[in-house]
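**Q** Structure: query-v9.pdb, PDB, C-alpha atoms, pLDDT in the B column.
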ATOM      1  CA  MET R   1     -46.794  34.286  26.351  1.00 50.00           C
ATOM      2  CA  GLY R   2     -43.356  34.124  28.006  1.00 73.00           C
ATOM      3  CA  PHE R   3     -43.156  30.328  27.907  1.00 73.00           C
ATOM      4  CA  TYR R   4     -44.491  30.194  24.356  1.00 68.00           C
ATOM      5  CA  ARG R   5     -42.202  32.938  23.028  1.00 71.00           C
ATOM      6  CA  ASN R   6     -39.042  31.906  24.860  1.00 71.00           C
ATOM      7  CA  ARG R   7     -39.284  28.116  25.051  1.00 75.00           C
ATOM      8  CA  LEU R   8     -41.709  26.798  22.445  1.00 83.00           C
ATOM      9  CA  LEU R   9     -41.552  29.269  19.547  1.00 81.00           C
ATOM     10  CA  PRO R  10     -37.804  28.782  18.850  1.00 78.00           C
ATOM     11  CA  ARG R  11     -38.376  25.035  18.482  1.00 88.00           C
ATOM     12  CA  LEU R  12     -41.369  25.537  16.196  1.00 83.00           C
ATOM     13  CA  GLN R  13     -39.423  28.019  14.076  1.00 85.00           C
ATOM     14  CA  ASP R  14     -36.497  25.605  13.845  1.00 85.00           C
ATOM     15  CA  LEU R  15     -38.800  22.915  12.464  1.00 85.00           C
ATOM     16  CA  ALA R  16     -40.527  25.293  10.047  1.00 81.00           C
ATOM     17  CA  MET R  17     -37.403  27.013   8.763  1.00 87.00           C
ATOM     18  CA  SER R  18     -35.241  23.909   8.356  1.00 86.00           C
ATOM     19  CA  ARG R  19     -37.615  22.421   5.780  1.00 86.00           C
ATOM     20  CA  GLY R  20     -35.958  20.868   2.769  1.00 83.00           C
ATOM     21  CA  ASP R  21     -37.615  23.205   0.271  1.00 87.00           C
ATOM     22  CA  LEU R  22     -35.842  26.183   1.841  1.00 93.00           C
ATOM     23  CA  ARG R  23     -32.360  24.692   1.541  1.00 93.00           C
ATOM     24  CA  ALA R  24     -31.907  25.709  -2.092  1.00 94.00           C
ATOM     25  CA  VAL R  25     -32.871  29.281  -1.213  1.00 97.00           C
ATOM     26  CA  ARG R  26     -30.392  29.393   1.652  1.00 97.00           C
ATOM     27  CA  ALA R  27     -27.642  27.996  -0.573  1.00 97.00           C
ATOM     28  CA  ARG R  28     -28.261  30.716  -3.172  1.00 97.00           C
ATOM     29  CA  VAL R  29     -28.291  33.518  -0.620  1.00 98.00           C
ATOM     30  CA  CYS R  30     -25.078  32.319   1.039  1.00 98.00           C
ATOM     31  CA  GLN R  31     -23.275  31.933  -2.288  1.00 98.00           C
ATOM     32  CA  GLY R  32     -20.492  34.487  -2.645  1.00 98.00           C
ATOM     33  CA  LEU R  33     -20.118  35.268   1.050  1.00 98.00           C
ATOM     34  CA  HIS R  34     -16.475  35.775   1.971  1.00 98.00           C
ATOM     35  CA  GLY R  35     -14.177  37.228   4.595  1.00 98.00           C
ATOM     36  CA  ASP R  36     -15.668  38.438   7.866  1.00 98.00           C
ATOM     37  CA  VAL R  37     -19.466  38.066   7.822  1.00 98.00           C
ATOM     38  CA  VAL R  38     -22.197  39.193  10.214  1.00 98.00           C
ATOM     39  CA  GLU R  39     -25.416  37.173  10.314  1.00 98.00           C
ATOM     40  CA  ILE R  40     -28.372  38.968  11.872  1.00 98.00           C
ATOM     41  CA  GLY R  41     -31.039  36.601  13.139  1.00 96.00           C
ATOM     42  CA  PHE R  42     -28.645  33.653  13.384  1.00 96.00           C
ATOM     43  CA  GLY R  43     -31.486  31.621  14.904  1.00 94.00           C
ATOM     44  CA  THR R  44     -30.688  27.934  15.265  1.00 96.00           C
ATOM     45  CA  GLY R  45     -27.789  28.071  12.821  1.00 96.00           C
ATOM     46  CA  ILE R  46     -29.607  26.593   9.839  1.00 97.00           C
ATOM     47  CA  ASN R  47     -27.431  28.567   7.395  1.00 98.00           C
ATOM     48  CA  ALA R  48     -24.227  27.055   8.795  1.00 97.00           C
ATOM     49  CA  ASP R  49     -24.428  24.194   6.295  1.00 95.00           C
ATOM     50  CA  PHE R  50     -24.179  26.717   3.454  1.00 97.00           C
ATOM     51  CA  TYR R  51     -21.319  29.028   4.444  1.00 98.00           C
ATOM     52  CA  PRO R  52     -18.748  28.977   1.630  1.00 98.00           C
ATOM     53  CA  PRO R  53     -15.152  28.110   2.554  1.00 97.00           C
ATOM     54  CA  GLU R  54     -14.218  31.724   1.729  1.00 98.00           C
ATOM     55  CA  VAL R  55     -15.974  32.872   4.938  1.00 98.00           C
ATOM     56  CA  ALA R  56     -13.151  33.470   7.421  1.00 98.00           C
ATOM     57  CA  LYS R  57     -15.364  34.214  10.440  1.00 98.00           C
ATOM     58  CA  LEU R  58     -19.096  34.419  11.158  1.00 98.00           C
ATOM     59  CA  ILE R  59     -20.369  36.925  13.710  1.00 98.00           C
ATOM     60  CA  ALA R  60     -23.767  35.755  14.978  1.00 98.00           C
ATOM     61  CA  ILE R  61     -26.434  38.185  16.176  1.00 98.00           C
ATOM     62  CA  GLU R  62     -29.197  36.329  18.038  1.00 96.00           C
ATOM     63  CA  PRO R  63     -31.284  37.281  21.107  1.00 92.00           C
ATOM     64  CA  SER R  64     -32.430  33.764  22.060  1.00 92.00           C
ATOM     65  CA  ALA R  65     -30.227  31.643  24.312  1.00 92.00           C
ATOM     66  CA  LEU R  66     -32.345  28.609  23.400  1.00 93.00           C
ATOM     67  CA  CYS R  67     -31.746  29.214  19.694  1.00 94.00           C
ATOM     68  CA  MET R  68     -28.019  29.317  20.278  1.00 94.00           C
ATOM     69  CA  ARG R  69     -28.195  26.090  22.251  1.00 94.00           C
ATOM     70  CA  LEU R  70     -30.173  24.401  19.480  1.00 95.00           C
ATOM     71  CA  ALA R  71     -27.594  25.713  17.004  1.00 96.00           C
ATOM     72  CA  GLY R  72     -24.775  23.899  18.803  1.00 96.00           C
ATOM     73  CA  PRO R  73     -24.633  20.774  16.602  1.00 96.00           C
ATOM     74  CA  ARG R  74     -24.747  22.857  13.405  1.00 96.00           C
ATOM     75  CA  ILE R  75     -21.983  25.134  14.649  1.00 97.00           C
ATOM     76  CA  ALA R  76     -19.923  22.056  15.494  1.00 96.00           C
ATOM     77  CA  ARG R  77     -20.322  20.702  11.947  1.00 96.00           C
ATOM     78  CA  THR R  78     -19.180  23.816  10.119  1.00 96.00           C
ATOM     79  CA  SER R  79     -15.527  24.640   9.567  1.00 96.00           C
ATOM     80  CA  THR R  80     -16.364  28.350   9.831  1.00 98.00           C
ATOM     81  CA  PRO R  81     -15.545  29.920  13.212  1.00 98.00           C
ATOM     82  CA  VAL R  82     -18.800  31.247  14.721  1.00 98.00           C
ATOM     83  CA  GLU R  83     -18.819  33.903  17.417  1.00 97.00           C
ATOM     84  CA  LEU R  84     -21.902  35.255  19.217  1.00 97.00           C
ATOM     85  CA  ALA R  85     -21.457  39.029  19.301  1.00 96.00           C
ATOM     86  CA  GLY R  86     -24.849  40.622  19.878  1.00 92.00           C
ATOM     87  CA  LEU R  87     -28.479  40.202  20.802  1.00 93.00           C
ATOM     88  CA  THR R  88     -30.239  42.607  18.459  1.00 93.00           C
ATOM     89  CA  GLY R  89     -29.829  43.871  14.931  1.00 95.00           C
ATOM     90  CA  GLU R  90     -31.087  47.303  15.956  1.00 96.00           C
ATOM     91  CA  LYS R  91     -27.827  48.145  17.728  1.00 95.00           C
ATOM     92  CA  LEU R  92     -24.779  46.163  16.678  1.00 97.00           C
ATOM     93  CA  GLU R  93     -21.888  46.384  19.117  1.00 94.00           C
ATOM     94  CA  LEU R  94     -19.483  46.126  16.197  1.00 98.00           C
ATOM     95  CA  PRO R  95     -17.037  48.563  14.588  1.00 98.00           C
ATOM     96  CA  SER R  96     -18.048  50.607  11.564  1.00 98.00           C
ATOM     97  CA  ASP R  97     -16.763  49.873   8.045  1.00 98.00           C
ATOM     98  CA  SER R  98     -15.298  46.544   9.157  1.00 98.00           C
ATOM     99  CA  PHE R  99     -17.136  43.602   7.574  1.00 98.00           C
ATOM    100  CA  ASP R 100     -17.150  42.135   4.100  1.00 98.00           C
ATOM    101  CA  ALA R 101     -20.757  40.963   4.144  1.00 98.00           C
ATOM    102  CA  VAL R 102     -23.931  40.756   6.192  1.00 98.00           C
ATOM    103  CA  LEU R 103     -26.398  37.870   5.869  1.00 98.00           C
ATOM    104  CA  SER R 104     -30.112  37.919   6.715  1.00 98.00           C
ATOM    105  CA  THR R 105     -32.567  35.113   5.972  1.00 98.00           C
ATOM    106  CA  TRP R 106     -36.198  35.728   6.923  1.00 97.00           C
ATOM    107  CA  THR R 107     -35.153  37.987   9.793  1.00 96.00           C
ATOM    108  CA  LEU R 108     -36.120  41.586   8.957  1.00 97.00           C
ATOM    109  CA  CYS R 109     -39.791  40.729   9.423  1.00 96.00           C
ATOM    110  CA  THR R 110     -39.355  40.222  13.172  1.00 94.00           C
ATOM    111  CA  ILE R 111     -37.107  43.171  14.102  1.00 96.00           C
ATOM    112  CA  PRO R 112     -39.292  45.891  15.650  1.00 95.00           C
ATOM    113  CA  ASP R 113     -37.276  48.839  14.284  1.00 97.00           C
ATOM    114  CA  VAL R 114     -36.296  47.557  10.863  1.00 98.00           C
ATOM    115  CA  ASP R 115     -34.949  50.942   9.729  1.00 98.00           C
ATOM    116  CA  ALA R 116     -32.528  51.021  12.666  1.00 98.00           C
ATOM    117  CA  ALA R 117     -31.393  47.476  11.880  1.00 98.00           C
ATOM    118  CA  LEU R 118     -30.720  48.261   8.228  1.00 98.00           C
ATOM    119  CA  ALA R 119     -28.864  51.421   9.207  1.00 98.00           C
ATOM    120  CA  GLU R 120     -26.652  49.271  11.431  1.00 98.00           C
ATOM    121  CA  VAL R 121     -26.068  46.756   8.634  1.00 98.00           C
ATOM    122  CA  HIS R 122     -25.000  49.640   6.398  1.00 98.00           C
ATOM    123  CA  ARG R 123     -22.738  51.091   9.107  1.00 98.00           C
ATOM    124  CA  VAL R 124     -20.743  47.935   9.853  1.00 98.00           C
ATOM    125  CA  LEU R 125     -20.111  47.004   6.226  1.00 98.00           C
ATOM    126  CA  ARG R 126     -16.929  48.082   4.507  1.00 98.00           C
ATOM    127  CA  PRO R 127     -17.385  50.316   1.452  1.00 98.00           C
ATOM    128  CA  GLY R 128     -18.336  47.918  -1.298  1.00 98.00           C
ATOM    129  CA  GLY R 129     -19.507  45.338   1.254  1.00 98.00           C
ATOM    130  CA  GLU R 130     -22.478  43.141   0.399  1.00 98.00           C
ATOM    131  CA  PHE R 131     -25.795  42.534   2.119  1.00 98.00           C
ATOM    132  CA  HIS R 132     -27.120  39.082   1.198  1.00 98.00           C
ATOM    133  CA  PHE R 133     -30.804  38.670   1.997  1.00 98.00           C
ATOM    134  CA  VAL R 134     -33.993  36.716   1.537  1.00 98.00           C
ATOM    135  CA  GLU R 135     -37.068  38.077   3.277  1.00 98.00           C
ATOM    136  CA  HIS R 136     -40.803  37.808   2.956  1.00 97.00           C
ATOM    137  CA  GLY R 137     -42.966  40.892   2.841  1.00 98.00           C
ATOM    138  CA  HIS R 138     -45.534  43.031   1.102  1.00 98.00           C
ATOM    139  CA  ALA R 139     -47.261  41.246  -1.770  1.00 98.00           C
ATOM    140  CA  PRO R 140     -47.786  43.163  -5.027  1.00 97.00           C
ATOM    141  CA  ASP R 141     -51.267  41.757  -5.609  1.00 98.00           C
ATOM    142  CA  PRO R 142     -53.891  44.026  -3.982  1.00 97.00           C
ATOM    143  CA  LYS R 143     -56.042  41.089  -2.860  1.00 97.00           C
ATOM    144  CA  PHE R 144     -53.204  39.416  -0.968  1.00 98.00           C
ATOM    145  CA  ALA R 145     -51.823  42.719   0.306  1.00 98.00           C
ATOM    146  CA  ALA R 146     -55.226  43.523   1.814  1.00 98.00           C
ATOM    147  CA  TRP R 147     -55.267  40.189   3.603  1.00 98.00           C
ATOM    148  CA  GLN R 148     -51.749  40.843   4.868  1.00 98.00           C
ATOM    149  CA  GLN R 149     -52.954  44.077   6.445  1.00 98.00           C
ATOM    150  CA  ARG R 150     -55.873  42.285   8.090  1.00 98.00           C
ATOM    151  CA  ILE R 151     -53.946  39.355   9.479  1.00 97.00           C
ATOM    152  CA  GLU R 152     -50.718  41.068  10.568  1.00 97.00           C
ATOM    153  CA  PRO R 153     -51.778  42.230  14.084  1.00 97.00           C
ATOM    154  CA  ALA R 154     -52.784  38.708  15.123  1.00 96.00           C
ATOM    155  CA  TRP R 155     -49.921  37.066  13.213  1.00 94.00           C
ATOM    156  CA  LYS R 156     -47.325  39.164  15.044  1.00 94.00           C
ATOM    157  CA  ARG R 157     -48.558  37.792  18.374  1.00 91.00           C
ATOM    158  CA  VAL R 158     -48.395  34.188  17.167  1.00 89.00           C
ATOM    159  CA  ALA R 159     -45.142  34.386  15.189  1.00 89.00           C
ATOM    160  CA  GLY R 160     -42.777  36.304  17.441  1.00 88.00           C
ATOM    161  CA  GLY R 161     -43.425  39.778  16.034  1.00 91.00           C
ATOM    162  CA  CYS R 162     -43.340  38.749  12.364  1.00 95.00           C
ATOM    163  CA  HIS R 163     -44.562  41.463   9.973  1.00 97.00           C
ATOM    164  CA  VAL R 164     -45.899  40.413   6.574  1.00 97.00           C
ATOM    165  CA  THR R 165     -46.427  43.887   5.095  1.00 98.00           C
ATOM    166  CA  ARG R 166     -42.896  45.284   4.931  1.00 98.00           C
ATOM    167  CA  PRO R 167     -41.714  46.506   1.479  1.00 98.00           C
ATOM    168  CA  ILE R 168     -38.293  44.934   1.837  1.00 98.00           C
ATOM    169  CA  ALA R 169     -36.579  46.268  -1.296  1.00 98.00           C
ATOM    170  CA  ASP R 170     -37.746  49.827  -0.586  1.00 98.00           C
ATOM    171  CA  LEU R 171     -36.505  49.603   3.000  1.00 98.00           C
ATOM    172  CA  ILE R 172     -33.071  48.390   1.883  1.00 98.00           C
ATOM    173  CA  GLU R 173     -32.711  51.197  -0.638  1.00 98.00           C
ATOM    174  CA  ARG R 174     -33.909  53.727   1.937  1.00 98.00           C
ATOM    175  CA  ALA R 175     -31.033  52.620   4.180  1.00 98.00           C
ATOM    176  CA  GLY R 176     -28.559  53.794   1.525  1.00 98.00           C
ATOM    177  CA  PHE R 177     -27.859  50.548  -0.318  1.00 98.00           C
ATOM    178  CA  GLY R 178     -27.720  50.003  -4.035  1.00 98.00           C
ATOM    179  CA  ILE R 179     -29.346  46.725  -5.027  1.00 98.00           C
ATOM    180  CA  ASP R 180     -27.112  44.633  -7.294  1.00 98.00           C
ATOM    181  CA  SER R 181     -29.581  41.808  -7.829  1.00 98.00           C
ATOM    182  CA  LEU R 182     -33.157  41.159  -6.775  1.00 98.00           C
ATOM    183  CA  GLU R 183     -35.642  38.374  -7.416  1.00 98.00           C
ATOM    184  CA  THR R 184     -39.214  38.577  -6.158  1.00 98.00           C
ATOM    185  CA  TYR R 185     -41.534  35.607  -6.157  1.00 98.00           C
ATOM    186  CA  TYR R 186     -44.241  33.713  -4.337  1.00 98.00           C
ATOM    187  CA  ARG R 187     -42.619  30.705  -2.722  1.00 94.00           C
ATOM    188  CA  GLU R 188     -44.227  27.539  -4.036  1.00 91.00           C
ATOM    189  CA  GLY R 189     -46.428  25.736  -1.517  1.00 89.00           C
ATOM    190  CA  GLU R 190     -46.603  28.726   0.853  1.00 92.00           C
ATOM    191  CA  PRO R 191     -49.821  30.721   1.436  1.00 95.00           C
ATOM    192  CA  LYS R 192     -49.452  33.853  -0.670  1.00 96.00           C
ATOM    193  CA  ILE R 193     -50.035  36.228   2.259  1.00 97.00           C
ATOM    194  CA  PHE R 194     -46.889  34.803   3.884  1.00 96.00           C
ATOM    195  CA  GLY R 195     -44.906  33.650   0.861  1.00 96.00           C
ATOM    196  CA  TYR R 196     -43.929  36.701  -1.203  1.00 98.00           C
ATOM    197  CA  ASN R 197     -40.129  36.746  -1.116  1.00 98.00           C
ATOM    198  CA  PHE R 198     -37.418  39.299  -1.836  1.00 98.00           C
ATOM    199  CA  GLU R 199     -34.071  37.607  -2.555  1.00 98.00           C
ATOM    200  CA  GLY R 200     -30.914  39.391  -3.567  1.00 98.00           C
ATOM    201  CA  ILE R 201     -27.690  41.226  -2.862  1.00 98.00           C
ATOM    202  CA  ALA R 202     -27.349  44.889  -1.980  1.00 98.00           C
ATOM    203  CA  ARG R 203     -24.104  46.844  -1.787  1.00 98.00           C
ATOM    204  CA  LYS R 204     -22.761  49.676   0.331  1.00 98.00           C
ATOM    205  CA  ALA R 205     -21.412  52.387  -1.974  1.00 92.00           C
TER     206      ALA R 205
END
Would you mind writing the file's structure down as structure tokens?

**A**
Amino acid sequence: MGFYRNRLLPRLQDLAMSRGDLRAVRARVCQGLHGDVVEIGFGTGINADFYPPEVAKLIAIEPSALCMRLAGPRIARTSTPVELAGLTGEKLELPSDSFDAVLSTWTLCTIPDVDAALAEVHRVLRPGGEFHFVEHGHAPDPKFAAWQQRIEPAWKRVAGGCHVTRPIADLIERAGFGIDSLETYYREGEPKIFGYNFEGIARKA
């Protein structure tokens, strides 16, 4: 699995996650970002096309060296300074109460200890700082939720540890955030066991 996970999977994820139908979602989630921003799960830099000019600096958290290499052309195109500053969202080597916003797009599903990651997001944000997110997770329909439970063990092995059963909004609130805005929906054209999305902005009190 080492070759698949380290060499092939990042390329497959880049193809899947750079689809045109996801661009509008990324643009919405990035809207309003400003100042110093941390992006957990920077991946191959797909969001770089959508950073607003108000973003002064982007701190990238990404464990994959291949992803960062693939991100090179996108980083070169953006006017936002991008700095790699960590390998995992579970322990951010960043100062507390220091950042204006944190960005996460379809990342919380793959972090093994999601509670630790959200606690770190909360810690590094300034009071009043915003957490911009879109994530897929636990479907509200019992039929699809049951299938999520069945398929998740095998899906995690294929998709780099991706969980499909996480109740994203509940996890964010449990980390101490207040949710300013939240939209939940099945993404059109996506199988419903993978396509239930949580999109919004949460705030550190």

**Q** Translate the PyMOL selection byres ((chain R and resi 47) around 9), as applied to the file shown, into an explicit residue set as number ranges by chain.

**A** R: 23, 26-27, 30, 42, 44-46, 48-51, 74, 105

**Q** List the spatial neighbours of His136 of chain R as a ChimeraX atom specification - criterion: any atom at most 12 Å away, only C-alpha atoms, same-chain residues fewer than 4 positions off excluded.

**A** /R:104-110,140,148,162-169,183-187,190-200

**Q** Once the PyMOL selection byres ((chain R and resi 33) around 8) has been applied to the shown file, what residues remain in the selection, as a PyMOL selection string?

**A** chain R and resi 30-32+34-35+37+51-52+54-55+101+132

**Q** Which residues match the PyMOL selection byres ((chain R and resi 86) around 12) in the file above, as an MDAnalysis selection string?

**A** chainID R and resid 38:42 59:65 68 83:85 87:94

**Q** Please dump the current selection as a PDB file, in the coordinates of the input; keep C-alpha atoms.

**A**
ATOM      1  CA  VAL R  38     -22.197  39.193  10.214  1.00 98.00           C
ATOM      2  CA  GLU R  39     -25.416  37.173  10.314  1.00 98.00           C
ATOM      3  CA  ILE R  40     -28.372  38.968  11.872  1.00 98.00           C
ATOM      4  CA  GLY R  41     -31.039  36.601  13.139  1.00 96.00           C
ATOM      5  CA  PHE R  42     -28.645  33.653  13.384  1.00 96.00           C
ATOM      6  CA  ILE R  59     -20.369  36.925  13.710  1.00 98.00           C
ATOM      7  CA  ALA R  60     -23.767  35.755  14.978  1.00 98.00           C
ATOM      8  CA  ILE R  61     -26.434  38.185  16.176  1.00 98.00           C
ATOM      9  CA  GLU R  62     -29.197  36.329  18.038  1.00 96.00           C
ATOM     10  CA  PRO R  63     -31.284  37.281  21.107  1.00 92.00           C
ATOM     11  CA  SER R  64     -32.430  33.764  22.060  1.00 92.00           C
ATOM     12  CA  ALA R  65     -30.227  31.643  24.312  1.00 92.00           C
ATOM     13  CA  MET R  68     -28.019  29.317  20.278  1.00 94.00           C
ATOM     14  CA  GLU R  83     -18.819  33.903  17.417  1.00 97.00           C
ATOM     15  CA  LEU R  84     -21.902  35.255  19.217  1.00 97.00           C
ATOM     16  CA  ALA R  85     -21.457  39.029  19.301  1.00 96.00           C
ATOM     17  CA  LEU R  87     -28.479  40.202  20.802  1.00 93.00           C
ATOM     18  CA  THR R  88     -30.239  42.607  18.459  1.00 93.00           C
ATOM     19  CA  GLY R  89     -29.829  43.871  14.931  1.00 95.00           C
ATOM     20  CA  GLU R  90     -31.087  47.303  15.956  1.00 96.00           C
ATOM     21  CA  LYS R  91     -27.827  48.145  17.728  1.00 95.00           C
ATOM     22  CA  LEU R  92     -24.779  46.163  16.678  1.00 97.00           C
ATOM     23  CA  GLU R  93     -21.888  46.384  19.117  1.00 94.00           C
ATOM     24  CA  LEU R  94     -19.483  46.126  16.197  1.00 98.00           C
TER      25      LEU R  94
END

**Q** Nearest to Gly160 of chain R among R:Arg5, R:Lys204, R:Arg77, R:Arg11, with distances taken over only C-alpha atoms: which residue is it?

**A**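 Going through R:Arg5, R:Lys204, R:Arg77, R:Arg11 one by one, the smallest distance to Gly160 of chain R is for R:Arg5.
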